[in-house]
>>> print(open('my_file_26.cif').read())   # mmCIF, C-alpha atoms
data_model
loop_
_atom_site.label_atom_id
_atom_site.label_comp_id
_atom_site.auth_asym_id
_atom_site.auth_seq_id
_atom_site.Cartn_x
_atom_site.Cartn_y
_atom_site.Cartn_z
CA MET A 2 0.00 0.00 0.00
CA LEU A 3 2.80 2.43 0.90
CA LYS A 4 4.53 1.71 -2.44
CA ASN A 5 1.35 2.70 -4.31
CA PHE A 6 1.09 5.97 -2.38
CA ILE A 7 4.69 6.96 -3.09
CA ASN A 8 4.16 6.22 -6.78
CA PRO A 9 4.09 9.65 -8.58
CA LEU A 10 0.98 8.69 -10.55
CA VAL A 11 -0.95 8.33 -7.30
CA ALA A 12 0.85 10.85 -5.06
CA LYS A 13 0.51 13.97 -7.27
CA PRO A 14 -3.25 13.71 -7.91
CA THR A 15 -3.82 12.89 -4.24
CA ALA A 16 -1.79 15.94 -3.14
CA TYR A 17 -3.67 18.21 -5.57
CA LEU A 18 -7.01 16.87 -4.39
CA LEU A 19 -6.06 17.49 -0.75
CA LEU A 20 -4.97 21.07 -1.53
CA ILE A 21 -8.24 21.78 -3.33
CA CYS A 22 -10.29 20.34 -0.46
CA LEU A 23 -8.37 22.37 2.12
CA SER A 24 -8.73 25.60 0.17
CA LEU A 25 -12.48 25.11 -0.27
CA PHE A 26 -13.36 24.17 3.29
CA SER A 27 -10.87 25.92 5.53
CA PHE A 28 -11.43 29.57 4.62
CA LYS A 29 -14.44 31.70 5.38
CA SER A 30 -15.27 34.72 3.28
CA GLY A 31 -14.04 37.84 5.05
CA ASN A 32 -17.05 39.89 3.93
CA VAL A 33 -19.69 37.84 5.77
CA ARG A 34 -20.76 39.00 9.22
CA GLU A 35 -23.67 38.16 11.45
CA VAL A 36 -26.11 40.61 12.95
CA SER A 37 -28.52 39.82 15.78
CA LEU A 38 -32.15 40.72 15.07
CA PRO A 39 -33.83 40.96 18.50
CA ALA A 40 -37.19 39.44 19.37
CA GLY A 41 -40.00 41.99 19.34
CA THR A 42 -38.65 43.99 16.39
CA PRO A 43 -41.68 45.60 14.69
CA ILE A 44 -42.36 44.78 11.04
CA ALA A 45 -45.01 46.61 9.00
CA LEU A 46 -46.66 44.38 6.39
CA GLU A 47 -49.35 44.76 3.75
CA THR A 48 -51.46 42.38 1.73
CA VAL A 49 -50.23 41.73 -1.79
CA GLN A 50 -53.62 40.93 -3.29
CA ARG A 51 -57.31 41.07 -2.43
CA LEU A 52 -58.33 38.22 -0.13
CA ALA A 53 -61.97 37.14 0.16
CA SER A 54 -63.71 34.47 2.21
CA ASP A 55 -65.08 32.85 -0.96
CA ALA A 56 -61.64 32.74 -2.64
CA VAL A 57 -59.42 31.22 0.08
CA GLN A 58 -59.57 28.12 2.24
CA ALA A 59 -58.49 27.42 5.80
CA GLY A 60 -54.91 26.12 5.79
CA GLN A 61 -53.95 28.04 2.64
CA THR A 62 -50.77 30.14 2.67
CA VAL A 63 -51.04 33.76 1.51
CA ASP A 64 -48.34 36.34 0.80
CA PHE A 65 -47.73 39.71 2.38
CA LYS A 66 -44.91 42.15 1.67
CA VAL A 67 -42.72 44.18 3.98
CA ARG A 68 -43.51 47.91 3.73
CA SER A 69 -40.09 49.30 4.71
CA ASP A 70 -36.54 48.12 5.37
CA ILE A 71 -35.93 46.56 8.78
CA LYS A 72 -32.53 47.61 10.13
CA VAL A 73 -30.29 46.68 13.02
CA GLY A 74 -28.14 49.77 13.45
CA ASP A 75 -27.60 50.84 9.85
CA VAL A 76 -27.58 47.27 8.47
CA VAL A 77 -30.65 46.13 6.52
CA VAL A 78 -31.72 42.65 7.69
CA VAL A 79 -35.13 42.54 5.95
CA LYS A 80 -35.58 44.49 2.72
CA ALA A 81 -38.72 46.41 1.84
CA GLY A 82 -40.78 44.28 -0.53
CA SER A 83 -39.61 40.99 1.00
CA ILE A 84 -42.27 38.31 1.16
CA ALA A 85 -43.95 37.37 4.43
CA LYS A 86 -46.13 34.28 4.77
CA GLY A 87 -49.51 34.11 6.44
CA LEU A 88 -51.83 31.19 7.12
CA VAL A 89 -55.59 31.33 6.60
CA THR A 90 -56.98 30.05 9.91
CA ARG A 91 -60.65 30.66 9.14
CA ALA A 92 -62.51 31.10 5.85
CA ASN A 93 -66.30 30.81 5.84
CA ILE A 94 -68.28 31.81 2.78
CA ALA A 95 -71.53 33.74 3.05
CA LYS A 96 -74.50 31.41 3.48
CA GLY A 97 -78.26 31.38 3.19
CA LEU A 98 -80.48 32.98 5.80
CA GLY A 99 -78.31 36.11 5.49
CA LYS A 100 -75.27 34.60 7.24
CA GLU A 101 -72.10 36.65 6.56
CA GLY A 102 -68.72 35.31 5.43
CA GLN A 103 -65.62 35.42 7.64
CA ILE A 104 -61.88 35.36 7.02
CA GLU A 105 -58.99 35.26 9.50
CA ILE A 106 -55.27 35.19 8.69
CA GLN A 107 -52.32 34.66 11.02
CA ILE A 108 -48.89 36.00 10.02
CA LYS A 109 -46.25 33.26 10.32
CA SER A 110 -42.85 34.35 8.94
CA VAL A 111 -40.89 36.88 6.90
CA SER A 112 -37.82 36.39 4.66
CA SER A 113 -34.51 37.96 5.71
CA VAL A 114 -31.71 39.15 3.41
CA ASP A 115 -29.88 35.82 3.87
CA GLY A 116 -32.97 33.78 2.95
CA GLN A 117 -33.94 32.65 6.44
CA GLN A 118 -37.58 32.54 7.47
CA ILE A 119 -37.93 34.69 10.59
CA PRO A 120 -40.90 33.63 12.74
CA VAL A 121 -43.22 36.53 13.58
CA VAL A 122 -46.14 37.09 15.92
CA GLY A 123 -48.79 39.74 15.86
CA ASN A 124 -52.45 40.44 15.56
CA ASN A 125 -54.44 38.20 13.29
CA ILE A 126 -56.31 39.91 10.48
CA TYR A 127 -60.04 39.23 10.88
CA ARG A 128 -62.82 40.48 8.64
CA GLN A 129 -66.50 39.72 8.57
CA GLY A 130 -68.91 40.34 5.69
CA GLU A 131 -72.25 42.07 5.98
CA ASP A 132 -74.85 40.17 8.00
CA LYS A 133 -78.29 40.12 6.33
CA GLN A 134 -79.83 37.57 8.67
CA THR A 135 -82.49 39.87 10.13
CA LEU A 136 -83.47 41.16 6.70
CA ALA A 137 -83.72 37.64 5.28
CA ILE A 138 -85.91 36.42 8.15
CA VAL A 139 -88.25 39.45 8.11
CA LEU A 140 -88.69 39.37 4.33
CA GLY A 141 -89.01 35.58 4.36
CA VAL A 142 -91.81 35.65 6.93
CA VAL A 143 -93.66 38.75 5.69
CA LEU A 144 -93.30 38.57 1.88
CA CYS A 145 -92.00 35.30 0.53
CA ILE A 146 -90.28 32.26 1.96
CA LEU A 147 -87.69 32.44 -0.84
CA PHE A 148 -86.09 35.44 0.90
CA LEU A 149 -84.77 32.94 3.47
CA THR A 150 -82.25 31.84 0.82
CA MET A 151 -80.76 35.36 0.72
CA LYS A 152 -77.04 35.24 1.47
CA GLY A 153 -74.97 37.63 3.53
CA LYS A 154 -71.86 39.22 2.04
CA ASN A 155 -68.46 37.55 1.88
CA ALA A 156 -65.66 39.00 3.97
CA GLU A 157 -62.93 40.85 2.08
CA ILE A 158 -59.44 42.10 2.85
CA PRO A 159 -58.40 44.58 0.14
CA ALA A 160 -54.90 44.63 -1.38
CA GLY A 161 -52.66 47.04 0.53
CA THR A 162 -54.26 46.39 3.93
CA THR A 163 -51.60 46.97 6.58
CA ILE A 164 -50.82 44.82 9.60
CA ASP A 165 -48.11 45.09 12.21
CA ALA A 166 -46.13 42.06 13.35
CA ASN A 167 -43.09 41.52 15.58
CA THR A 168 -40.23 39.06 15.39
CA ALA A 169 -40.92 36.11 17.68
CA THR A 170 -37.33 35.17 18.59
CA ASN A 171 -33.78 36.48 18.41
CA MET A 172 -32.26 35.61 15.03
CA MET A 173 -28.73 35.74 13.68
CA ILE A 174 -28.76 37.14 10.13
CA SER A 175 -25.74 36.73 7.83
CA ILE A 176 -24.87 39.92 5.95
CA ASN A 177 -22.60 39.92 2.88
#
>>> encode(input="my_file_26.cif", output="structure tokens")
Amino acid sequence: MLKNFINPLVAKPTAYLLLICLSLFSFKSGNVREVSLPAGTPIALETVQRLASDAVQAGQTVDFKVRSDIKVGDVVVVKAGSIAKGLVTRANIAKGLGKEGQIEIQIKSVSSVDGQQIPVVGNNIYRQGEDKQTLAIVLGVVLCILFLTMKGKNAEIPAGTTIDANTATNMMISIN
């Protein structure tokens, strides 16, 4: 075995391979540094598109965008326009007997400049459509029973609706 290793046909390629491996794995880029994003850092978000109770389902993921840069000192850790993810926790369409639709969304995470998903907490967005239950019952009893099939209005969250969230935990963000 030792004779094969000393053989120049085996020794030179092995030495080159070792040098390449060492150069790739032993040096860190000098330009990368880490910044600590503290828990509780406020993040202003807005809806990217119109969301309606008849167009989404519970469990569906929806996108939000960050309204302004989030900085630690003068270092940007989350860029304006970055995508944040929310989860639809409730989506009920408007129903007969004037029952209104409902939609509720919980913000889950936001993308940092290094691609990490930062967990966030905050108020859920909740909207309720117009309730026409009383109108449907009165008209159904007084005029015609078919008015009992009247539906309420679906809940809607327009594009550009703002919501405030906060980072849930301390995060280390790599900055190039």
>>> closest_residue(input="my_file_26.cif", among="A:Ile176, A:Val79, A:Val89, A:Val33", to="Gln61 (chain A)", atoms="only C-alpha atoms")
A:Val89
>>> atom_distance(input="my_file_26.cif", atom1="CA of Ala156 (chain A)", atom2="CA of Ala45 (chain A)")
22.6 Å
>>> atom_distance(input="my_file_26.cif", atom1="CA of Leu46 (chain A)", atom2="CA of Ile119 (chain A)")
13.7 Å
>>> resolve_selection(input="my_file_26.cif", expression="the PyMOL selection byres ((chain A and resi 70) around 12)", output="PyMOL selection string")
chain A and resi 42-46+66-69+71-83+112-114
>>> atom_distance(input="my_file_26.cif", atom1="CA of Lys86 (chain A)", atom2="CA of Asp115 (chain A)")
16.3 Å
>>> resolve_selection(input="my_file_26.cif", expression="the PyMOL selection byres ((chain A and resi 59) around 8)", output="compact mmCIF listing (two decimals) with C-alpha atoms, in the coordinates of the input")
# COMPACT_ATOMS: atom_id res chain seq x y z
CA VAL A 57 -59.42 31.22 0.08
CA GLN A 58 -59.57 28.12 2.24
CA GLY A 60 -54.91 26.12 5.79
CA GLN A 61 -53.95 28.04 2.64
CA LEU A 88 -51.83 31.19 7.12
CA VAL A 89 -55.59 31.33 6.60
CA THR A 90 -56.98 30.05 9.91
CA ARG A 91 -60.65 30.66 9.14
CA ALA A 92 -62.51 31.10 5.85
>>> resolve_selection(input="my_file_26.cif", expression="the PyMOL selection byres ((chain A and resi 159) around 9)", output="CSV table (one decimal) with C-alpha atoms, in the coordinates of the input")
chain,number,residue,atom,x,y,z
A,48,THR,CA,-51.5,42.4,1.7
A,49,VAL,CA,-50.2,41.7,-1.8
A,50,GLN,CA,-53.6,40.9,-3.3
A,51,ARG,CA,-57.3,41.1,-2.4
A,52,LEU,CA,-58.3,38.2,-0.1
A,53,ALA,CA,-62.0,37.1,0.2
A,157,GLU,CA,-62.9,40.8,2.1
A,158,ILE,CA,-59.4,42.1,2.8
A,160,ALA,CA,-54.9,44.6,-1.4
A,161,GLY,CA,-52.7,47.0,0.5
A,162,THR,CA,-54.3,46.4,3.9
>>> residues_around(input="my_file_26.cif", residues="Asn93 (chain A)", least_positions_apart="3", cutoff="8 Å", atoms="all atoms listed in the file", output="ChimeraX atom specification")
/A:54-55,102-104
>>> closest_residue(input="my_file_26.cif", among="A:Ile21, A:Ala16, A:Ile94, A:Ile84", to="Ser110 (chain A)", atoms="all atoms listed in the file")
A:Ile84
>>> closest_residue(input="my_file_26.cif", among="A:Pro14, A:Pro39, A:Ala56, A:Ile164", to="Ala85 (chain A)", atoms="all atoms listed in the file")
A:Ile164
